[in-house]
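Source file: upload-v6.pdb; contents: PDB, C-alpha atoms, pLDDT in the B column.
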```pdb
MODEL        1
ATOM      1  CA  MET A  11      -7.790 -16.546  23.268  1.00 43.00           C
ATOM      2  CA  VAL A  12      -8.116 -13.090  24.866  1.00 39.00           C
ATOM      3  CA  LEU A  13      -5.168 -10.723  24.543  1.00 44.00           C
ATOM      4  CA  VAL A  14      -4.788  -7.080  25.462  1.00 41.00           C
ATOM      5  CA  PRO A  15      -2.733  -5.702  22.579  1.00 54.00           C
ATOM      6  CA  LEU A  16      -0.875  -2.419  22.632  1.00 51.00           C
ATOM      7  CA  ALA A  17      -2.563   0.471  20.880  1.00 55.00           C
ATOM      8  CA  GLY A  18      -2.224   0.219  17.126  1.00 75.00           C
ATOM      9  CA  CYS A  19      -1.680   2.738  14.340  1.00 80.00           C
ATOM     10  CA  SER A  20      -4.886   4.081  12.886  1.00 72.00           C
ATOM     11  CA  LEU A  21      -5.064   4.055   9.110  1.00 71.00           C
ATOM     12  CA  GLN A  22      -7.160   7.213   9.161  1.00 51.00           C
ATOM     13  CA  GLY A  23      -4.696  10.058   9.502  1.00 40.00           C
ATOM     14  CA  ALA A  24      -1.377   8.386  10.218  1.00 42.00           C
ATOM     15  CA  SER A  25       1.528  10.237  11.783  1.00 36.00           C
ATOM     16  CA  SER A  26       3.557  12.790   9.824  1.00 33.00           C
ATOM     17  CA  GLY A  27       5.306  11.244   6.876  1.00 37.00           C
ATOM     18  CA  ALA A  28       2.933   8.277   6.800  1.00 37.00           C
ATOM     19  CA  PRO A  29       0.463   7.625   4.021  1.00 34.00           C
ATOM     20  CA  THR A  30      -3.147   8.539   4.765  1.00 33.00           C
ATOM     21  CA  HIS A  31      -5.607   5.775   3.896  1.00 33.00           C
ATOM     22  CA  SER A  32      -8.727   7.717   2.989  1.00 29.00           C
ATOM     23  CA  SER A  33      -9.052   5.517  -0.086  1.00 29.00           C
ATOM     24  CA  THR A  34      -7.810   2.098  -1.096  1.00 29.00           C
ATOM     25  CA  THR A  35      -4.906   3.558  -3.073  1.00 31.00           C
ATOM     26  CA  VAL A  36      -1.620   4.658  -1.535  1.00 34.00           C
ATOM     27  CA  PRO A  37       0.923   6.587  -3.618  1.00 34.00           C
ATOM     28  CA  SER A  38       3.727   4.288  -4.643  1.00 40.00           C
ATOM     29  CA  SER A  39       6.972   4.684  -6.545  1.00 42.00           C
ATOM     30  CA  ARG A  40       8.051   1.123  -7.212  1.00 46.00           C
ATOM     31  CA  THR A  41      10.370   0.972 -10.197  1.00 43.00           C
ATOM     32  CA  ASP A  42      12.687  -1.755  -8.922  1.00 44.00           C
ATOM     33  CA  SER A  43      13.807  -4.281 -11.509  1.00 62.00           C
ATOM     34  CA  SER A  44      13.713  -7.969 -10.627  1.00 76.00           C
ATOM     35  CA  SER A  45      17.470  -8.166 -10.125  1.00 80.00           C
ATOM     36  CA  THR A  46      17.551  -4.968  -8.075  1.00 88.00           C
ATOM     37  CA  ALA A  47      14.719  -6.135  -5.837  1.00 88.00           C
ATOM     38  CA  SER A  48      16.303  -9.532  -5.269  1.00 88.00           C
ATOM     39  CA  SER A  49      19.650  -7.928  -4.456  1.00 92.00           C
ATOM     40  CA  ALA A  50      18.055  -5.488  -2.012  1.00 93.00           C
ATOM     41  CA  ARG A  51      16.239  -8.303  -0.195  1.00 94.00           C
ATOM     42  CA  ALA A  52      19.386 -10.405  -0.014  1.00 93.00           C
ATOM     43  CA  ALA A  53      21.434  -7.496   1.328  1.00 94.00           C
ATOM     44  CA  ALA A  54      18.843  -6.969   4.070  1.00 95.00           C
ATOM     45  CA  GLY A  55      18.833 -10.670   4.975  1.00 95.00           C
ATOM     46  CA  ILE A  56      15.247 -11.169   3.797  1.00 96.00           C
ATOM     47  CA  PRO A  57      14.659 -14.505   2.047  1.00 94.00           C
ATOM     48  CA  ASP A  58      13.028 -14.647  -1.345  1.00 92.00           C
ATOM     49  CA  CYS A  59       9.265 -14.948  -1.428  1.00 93.00           C
ATOM     50  CA  PRO A  60       7.722 -18.408  -1.732  1.00 88.00           C
ATOM     51  CA  ALA A  61       6.290 -19.613  -4.997  1.00 81.00           C
ATOM     52  CA  GLY A  62       2.714 -18.565  -5.498  1.00 73.00           C
ATOM     53  CA  GLY A  63       0.634 -17.928  -8.574  1.00 65.00           C
ATOM     54  CA  GLY A  64       0.213 -14.269  -9.412  1.00 63.00           C
ATOM     55  CA  GLY A  65      -2.524 -12.789 -11.500  1.00 51.00           C
ATOM     56  CA  ASP A  66      -4.845  -9.830 -11.297  1.00 46.00           C
ATOM     57  CA  ALA A  67      -4.755  -8.603  -7.706  1.00 42.00           C
ATOM     58  CA  THR A  68      -7.798  -6.380  -8.102  1.00 42.00           C
ATOM     59  CA  SER A  69     -10.123  -9.070  -9.456  1.00 36.00           C
ATOM     60  CA  SER A  70      -8.975 -11.541  -6.815  1.00 44.00           C
ATOM     61  CA  VAL A  71     -10.357  -9.256  -4.088  1.00 47.00           C
ATOM     62  CA  GLU A  72     -13.709  -8.291  -5.603  1.00 42.00           C
ATOM     63  CA  ALA A  73     -15.888 -11.124  -4.264  1.00 41.00           C
ATOM     64  CA  LEU A  74     -14.046 -11.823  -1.038  1.00 49.00           C
ATOM     65  CA  GLY A  75     -14.791 -10.861   2.555  1.00 62.00           C
ATOM     66  CA  ARG A  76     -12.945 -10.211   5.779  1.00 83.00           C
ATOM     67  CA  ALA A  77     -10.323 -12.235   7.615  1.00 93.00           C
ATOM     68  CA  VAL A  78     -12.645 -13.667  10.263  1.00 94.00           C
ATOM     69  CA  VAL A  79     -11.731 -16.214  12.918  1.00 95.00           C
ATOM     70  CA  GLY A  80     -13.177 -19.599  12.019  1.00 96.00           C
ATOM     71  CA  GLU A  81     -13.324 -18.903   8.287  1.00 95.00           C
ATOM     72  CA  LYS A  82     -10.886 -19.445   5.436  1.00 95.00           C
ATOM     73  CA  LEU A  83      -8.504 -16.579   4.781  1.00 96.00           C
ATOM     74  CA  PRO A  84      -9.647 -14.684   1.682  1.00 95.00           C
ATOM     75  CA  ASP A  85      -6.965 -14.805  -0.971  1.00 95.00           C
ATOM     76  CA  VAL A  86      -5.120 -11.662  -2.015  1.00 95.00           C
ATOM     77  CA  VAL A  87      -2.442 -11.343  -4.688  1.00 96.00           C
ATOM     78  CA  LEU A  88       0.387  -9.064  -3.550  1.00 96.00           C
ATOM     79  CA  SER A  89       3.900  -8.250  -4.726  1.00 95.00           C
ATOM     80  CA  CYS A  90       6.994  -9.736  -3.181  1.00 96.00           C
ATOM     81  CA  ILE A  91       8.642  -6.840  -1.329  1.00 96.00           C
ATOM     82  CA  GLY A  92      10.604  -4.950  -3.953  1.00 93.00           C
ATOM     83  CA  GLY A  93       7.729  -5.265  -6.409  1.00 89.00           C
ATOM     84  CA  ASP A  94       9.320  -7.739  -8.796  1.00 88.00           C
ATOM     85  CA  ARG A  95       6.654 -10.469  -8.879  1.00 91.00           C
ATOM     86  CA  LYS A  96       3.108 -11.265  -7.779  1.00 95.00           C
ATOM     87  CA  ILE A  97       2.342 -13.791  -5.045  1.00 95.00           C
ATOM     88  CA  SER A  98      -0.962 -15.367  -4.030  1.00 96.00           C
ATOM     89  CA  VAL A  99      -1.023 -15.287  -0.231  1.00 96.00           C
ATOM     90  CA  ARG A 100      -3.072 -18.470  -0.053  1.00 94.00           C
ATOM     91  CA  ALA A 101      -0.644 -20.302  -2.343  1.00 94.00           C
ATOM     92  CA  ALA A 102       2.336 -18.979  -0.379  1.00 95.00           C
ATOM     93  CA  LEU A 103       1.064 -20.654   2.797  1.00 96.00           C
ATOM     94  CA  ALA A 104       1.575 -24.019   1.083  1.00 93.00           C
ATOM     95  CA  GLY A 105      -0.540 -25.967   3.555  1.00 94.00           C
ATOM     96  CA  ARG A 106       1.554 -24.976   6.610  1.00 96.00           C
ATOM     97  CA  PRO A 107       0.320 -23.134   9.701  1.00 98.00           C
ATOM     98  CA  HIS A 108       1.430 -19.526   9.488  1.00 98.00           C
ATOM     99  CA  VAL A 109       1.727 -16.319  11.437  1.00 98.00           C
ATOM    100  CA  ILE A 110       0.913 -13.434   9.086  1.00 98.00           C
ATOM    101  CA  ASN A 111       1.896  -9.992  10.358  1.00 98.00           C
ATOM    102  CA  LEU A 112       0.873  -6.723   8.696  1.00 98.00           C
ATOM    103  CA  TRP A 113       3.124  -3.773   9.466  1.00 98.00           C
ATOM    104  CA  ALA A 114       4.541  -0.505   8.132  1.00 97.00           C
ATOM    105  CA  SER A 115       7.828   1.277   8.689  1.00 96.00           C
ATOM    106  CA  TRP A 116       5.996   4.395   9.953  1.00 95.00           C
ATOM    107  CA  CYS A 117       3.991   2.457  12.563  1.00 96.00           C
ATOM    108  CA  ARG A 118       5.453   2.874  16.059  1.00 97.00           C
ATOM    109  CA  PRO A 119       3.664  -0.140  17.625  1.00 98.00           C
ATOM    110  CA  CYS A 120       5.032  -2.207  14.716  1.00 98.00           C
ATOM    111  CA  ARG A 121       8.529  -1.176  15.750  1.00 97.00           C
ATOM    112  CA  ALA A 122       7.790  -2.135  19.356  1.00 98.00           C
ATOM    113  CA  GLU A 123       6.707  -5.661  18.491  1.00 98.00           C
ATOM    114  CA  ALA A 124       9.372  -6.249  15.812  1.00 98.00           C
ATOM    115  CA  PRO A 125      11.897  -7.872  18.214  1.00 98.00           C
ATOM    116  CA  MET A 126       9.184 -10.219  19.502  1.00 98.00           C
ATOM    117  CA  LEU A 127       8.427 -11.423  15.994  1.00 98.00           C
ATOM    118  CA  ARG A 128      12.132 -11.854  15.274  1.00 98.00           C
ATOM    119  CA  THR A 129      12.678 -13.951  18.406  1.00 98.00           C
ATOM    120  CA  VAL A 130       9.619 -16.165  18.125  1.00 98.00           C
ATOM    121  CA  SER A 131       9.976 -16.750  14.381  1.00 98.00           C
ATOM    122  CA  ARG A 132      13.443 -18.185  15.000  1.00 97.00           C
ATOM    123  CA  GLN A 133      12.229 -20.385  17.845  1.00 96.00           C
ATOM    124  CA  THR A 134       9.284 -22.036  16.048  1.00 96.00           C
ATOM    125  CA  PRO A 135      10.550 -23.755  12.895  1.00 94.00           C
ATOM    126  CA  GLY A 136       7.335 -25.753  12.569  1.00 94.00           C
ATOM    127  CA  VAL A 137       5.342 -22.600  11.836  1.00 97.00           C
ATOM    128  CA  GLY A 138       5.806 -20.341   8.844  1.00 98.00           C
ATOM    129  CA  PHE A 139       5.998 -16.573   9.229  1.00 98.00           C
ATOM    130  CA  LEU A 140       4.964 -14.122   6.527  1.00 98.00           C
ATOM    131  CA  GLY A 141       5.176 -10.333   6.749  1.00 98.00           C
ATOM    132  CA  ILE A 142       3.165  -7.825   4.753  1.00 98.00           C
ATOM    133  CA  ASP A 143       4.358  -4.234   4.418  1.00 98.00           C
ATOM    134  CA  TYR A 144       1.108  -2.290   4.365  1.00 96.00           C
ATOM    135  CA  GLY A 145       1.153   1.051   2.619  1.00 81.00           C
ATOM    136  CA  ASP A 146       4.785   2.166   2.637  1.00 88.00           C
ATOM    137  CA  ARG A 147       5.443   4.691  -0.126  1.00 80.00           C
ATOM    138  CA  SER A 148       8.526   2.910  -1.459  1.00 85.00           C
ATOM    139  CA  SER A 149       9.945  -0.583  -1.403  1.00 92.00           C
ATOM    140  CA  PRO A 150      13.327   0.561  -0.011  1.00 93.00           C
ATOM    141  CA  ASP A 151      11.596   1.872   3.125  1.00 93.00           C
ATOM    142  CA  GLY A 152       9.996  -1.487   3.776  1.00 96.00           C
ATOM    143  CA  ILE A 153      13.100  -3.502   2.958  1.00 96.00           C
ATOM    144  CA  SER A 154      15.211  -1.306   5.223  1.00 96.00           C
ATOM    145  CA  PHE A 155      12.754  -1.694   8.105  1.00 97.00           C
ATOM    146  CA  ALA A 156      12.426  -5.469   7.749  1.00 98.00           C
ATOM    147  CA  GLY A 157      16.187  -5.873   7.473  1.00 97.00           C
ATOM    148  CA  ALA A 158      16.852  -3.747  10.560  1.00 97.00           C
ATOM    149  CA  ALA A 159      14.192  -5.696  12.455  1.00 98.00           C
ATOM    150  CA  GLY A 160      16.121  -8.884  11.768  1.00 98.00           C
ATOM    151  CA  TRP A 161      13.164 -10.647  10.202  1.00 98.00           C
ATOM    152  CA  ARG A 162      14.452 -13.678   8.338  1.00 98.00           C
ATOM    153  CA  TYR A 163      11.190 -14.693   6.763  1.00 98.00           C
ATOM    154  CA  PRO A 164       9.495 -13.672   3.498  1.00 97.00           C
ATOM    155  CA  GLN A 165       7.897 -10.260   3.120  1.00 98.00           C
ATOM    156  CA  LEU A 166       5.180  -9.107   0.734  1.00 97.00           C
ATOM    157  CA  GLU A 167       4.022  -5.533   0.156  1.00 97.00           C
ATOM    158  CA  ASP A 168       0.589  -3.980  -0.133  1.00 96.00           C
ATOM    159  CA  PRO A 169       1.012  -0.340  -1.267  1.00 92.00           C
ATOM    160  CA  ASP A 170      -2.531  -0.195  -2.636  1.00 91.00           C
ATOM    161  CA  ALA A 171      -4.148  -1.420   0.607  1.00 92.00           C
ATOM    162  CA  LEU A 172      -5.827  -4.439  -0.984  1.00 94.00           C
ATOM    163  CA  THR A 173      -5.879  -6.188   2.385  1.00 95.00           C
ATOM    164  CA  ARG A 174      -7.863  -3.323   3.854  1.00 94.00           C
ATOM    165  CA  ARG A 175     -10.928  -4.414   1.940  1.00 91.00           C
ATOM    166  CA  ALA A 176     -10.243  -8.129   1.698  1.00 95.00           C
ATOM    167  CA  TRP A 177      -9.272  -8.688   5.336  1.00 96.00           C
ATOM    168  CA  GLY A 178     -10.887  -5.761   7.117  1.00 95.00           C
ATOM    169  CA  VAL A 179      -7.640  -4.017   8.090  1.00 95.00           C
ATOM    170  CA  THR A 180      -8.376  -0.716   9.834  1.00 92.00           C
ATOM    171  CA  GLY A 181      -5.175  -0.200  11.824  1.00 95.00           C
ATOM    172  CA  LEU A 182      -1.682  -1.577  12.306  1.00 97.00           C
ATOM    173  CA  PRO A 183      -0.198  -3.898  13.280  1.00 98.00           C
ATOM    174  CA  VAL A 184      -2.447  -6.886  12.627  1.00 98.00           C
ATOM    175  CA  THR A 185      -1.470 -10.513  13.159  1.00 98.00           C
ATOM    176  CA  LEU A 186      -3.366 -13.490  11.776  1.00 98.00           C
ATOM    177  CA  LEU A 187      -2.696 -17.047  12.937  1.00 98.00           C
ATOM    178  CA  VAL A 188      -3.730 -19.321  10.087  1.00 98.00           C
ATOM    179  CA  ALA A 189      -4.014 -23.109  10.235  1.00 98.00           C
ATOM    180  CA  GLY A 190      -2.584 -25.387   7.579  1.00 96.00           C
ATOM    181  CA  ASP A 191      -5.953 -25.633   5.844  1.00 96.00           C
ATOM    182  CA  GLY A 192      -6.146 -21.870   5.506  1.00 96.00           C
ATOM    183  CA  THR A 193      -8.581 -21.230   8.353  1.00 97.00           C
ATOM    184  CA  VAL A 194      -8.009 -18.112  10.449  1.00 97.00           C
ATOM    185  CA  VAL A 195      -7.784 -19.413  14.023  1.00 97.00           C
ATOM    186  CA  SER A 196      -6.794 -16.180  15.787  1.00 97.00           C
ATOM    187  CA  ARG A 197      -6.586 -12.491  14.991  1.00 97.00           C
ATOM    188  CA  VAL A 198      -4.863  -9.747  16.978  1.00 97.00           C
ATOM    189  CA  ASP A 199      -5.457  -6.121  16.009  1.00 97.00           C
ATOM    190  CA  GLY A 200      -2.663  -4.248  17.758  1.00 97.00           C
ATOM    191  CA  ALA A 201       0.873  -5.038  18.854  1.00 98.00           C
ATOM    192  CA  TRP A 202       1.917  -8.097  20.844  1.00 98.00           C
ATOM    193  CA  THR A 203       2.643  -7.286  24.465  1.00 96.00           C
ATOM    194  CA  SER A 204       5.434  -9.862  24.781  1.00 98.00           C
ATOM    195  CA  ALA A 205       7.197 -12.656  22.946  1.00 98.00           C
ATOM    196  CA  GLU A 206       5.674 -15.115  25.414  1.00 98.00           C
ATOM    197  CA  ALA A 207       2.161 -13.986  24.462  1.00 98.00           C
ATOM    198  CA  LEU A 208       2.928 -14.756  20.830  1.00 98.00           C
ATOM    199  CA  ARG A 209       4.496 -18.109  21.729  1.00 97.00           C
ATOM    200  CA  ALA A 210       1.456 -19.016  23.828  1.00 97.00           C
ATOM    201  CA  ALA A 211      -0.894 -18.162  20.972  1.00 97.00           C
ATOM    202  CA  ILE A 212       1.086 -20.354  18.600  1.00 98.00           C
ATOM    203  CA  ARG A 213       1.044 -23.246  21.056  1.00 97.00           C
ATOM    204  CA  THR A 214      -2.672 -22.913  21.760  1.00 96.00           C
ATOM    205  CA  ASP A 215      -4.125 -21.882  18.420  1.00 96.00           C
ATOM    206  CA  LEU A 216      -1.742 -23.498  15.954  1.00 96.00           C
ATOM    207  CA  GLU A 217      -0.892 -26.439  18.240  1.00 90.00           C
ATOM    208  CA  ALA A 218       2.791 -25.965  17.519  1.00 82.00           C
ATOM    209  CA  SER A 219       5.864 -25.145  19.535  1.00 67.00           C
TER     210      SER A 219
ENDMDL
END
```
When written as structure tokens, how does the structure in this file appear?
Amino acid sequence: MVLVPLAGCSLQGASSGAPTHSSTTVPSSRTDSSSTASSARAAAGIPDCPAGGGGDATSSVEALGRAVVGEKLPDVVLSCIGGDRKISVRAALAGRPHVINLWASWCRPCRAEAPMLRTVSRQTPGVGFLGIDYGDRSSPDGISFAGAAGWRYPQLEDPDALTRRAWGVTGLPVTLLVAGDGTVVSRVDGAWTSAEALRAAIRTDLEAS
């Protein structure tokens, strides 16, 4: 599939107020308790994260490569948005085809494509959607953005940019279409140009409607 995505946000020198990703660590101030995080997600209309074994996120990335089309998605252990528990991305997919979208509240192209993701996610119940907040400085920023976007699917967070190394993320947004067996079947670096383009990719690459 050949798409012409909108220009994405570079992770080298983001816009004012955005974290700069010159290393794999982004400053984070996540002190939310489990109950506070769950309440914040619920208030924003974001469902709880799926079950998925946690563990040591750093060690899970060490020997893994990039998210390449035709290969299995390297596993990464991230926090459910709000920071209250760890989730293995691979376990969270639970054998279902998924659209995984990496975004940040400071990313303008992410804002542009947000309504497209909202619309298509509600129209394709046979496909799971999973969001990953990449590099926001605080959980409330990400929760507020996802809630305002109207995303009614689970959201993880990656304040330490683990996916940058594991999946080869160099700019935002990024969307991965992953088959039920965990194989990456399509990758779009940049924003979707329309909801129909996303629907067409799901029909073609994930063979779902």
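If you measure from each of A:Gly18, A:Gly62, A:Pro125, A:Gly92 to Ala205 of chain A using all atoms listed in the file, the closest one turns out to be A:Pro125.
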Residues in the PyMOL selection byres ((chain A and resi 214-217) around 9), expressed as a ChimeraX atom specification:
/A:11,107-108,137,187-190,195-196,209-213,218-219
As an exercise, work out the distance from atom CA of Pro119 of chain A to atom CA of Trp202 of chain A in Å and give it to one decimal place.
8.8 Å
Excluding segment 78-88 of chain A and its own-chain neighbours fewer than 2 positions away, which residues fall within 6 Å of it when counting all atoms listed in the file? Please give them as an MDAnalysis selection string.
chainID A and resid 67 74 76 96:100 192:196
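Between Ile110 of chain A and the candidates A:Gln133, A:Ser20, A:Thr173, A:Ser49, the tightest atom-to-atom separation, counting only C-alpha atoms, involves A:Thr173.
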On this structure, which residues satisfy the PyMOL selection byres ((chain A and resi 120) around 9), written as a count of residues only?
18
Tell me which residues the PyMOL selection byres ((chain A and resi 94) around 8) grabs here, as a PyMOL selection string.
chain A and resi 42-44+47+89-93+95-96
Mind checking which residues fall within 7 Å of Ile153 of chain A, counting all atoms listed in the file, ignoring those fewer than 4 positions away in the same chain, and posting them as a VMD selection string?
chain A and resid 51 54 149 157
Based on the selection just made, write C-alpha atoms of those residues as a short mmCIF file (atom, residue, chain, number, x, y, z; two decimals), in the frame of the given file.
```cif
data_model
loop_
_atom_site.label_atom_id
_atom_site.label_comp_id
_atom_site.auth_asym_id
_atom_site.auth_seq_id
_atom_site.Cartn_x
_atom_site.Cartn_y
_atom_site.Cartn_z
CA ARG A 51 16.24 -8.30 -0.20
CA ALA A 54 18.84 -6.97 4.07
CA SER A 149 9.94 -0.58 -1.40
CA GLY A 157 16.19 -5.87 7.47
#
```
Between atom CA of Arg147 of chain A and atom CA of Val198 of chain A, measure the distance and give it in Å to one decimal.
24.6 Å
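Closest approach to Asp199 of chain A from the set A:Ala176, A:Ala77, A:Ser45, A:Gln165 is made by A:Ala77, with distances taken over all atoms listed in the file.
Atom CA of Asp143 of chain A is positioned 8.8 Å from atom CA of Ala156 of chain A.
Using all atoms listed in the file, the smallest distance between any of A:Gly138, A:Leu127, A:Thr180, A:Arg106 and Gly160 of chain A comes from A:Leu127.
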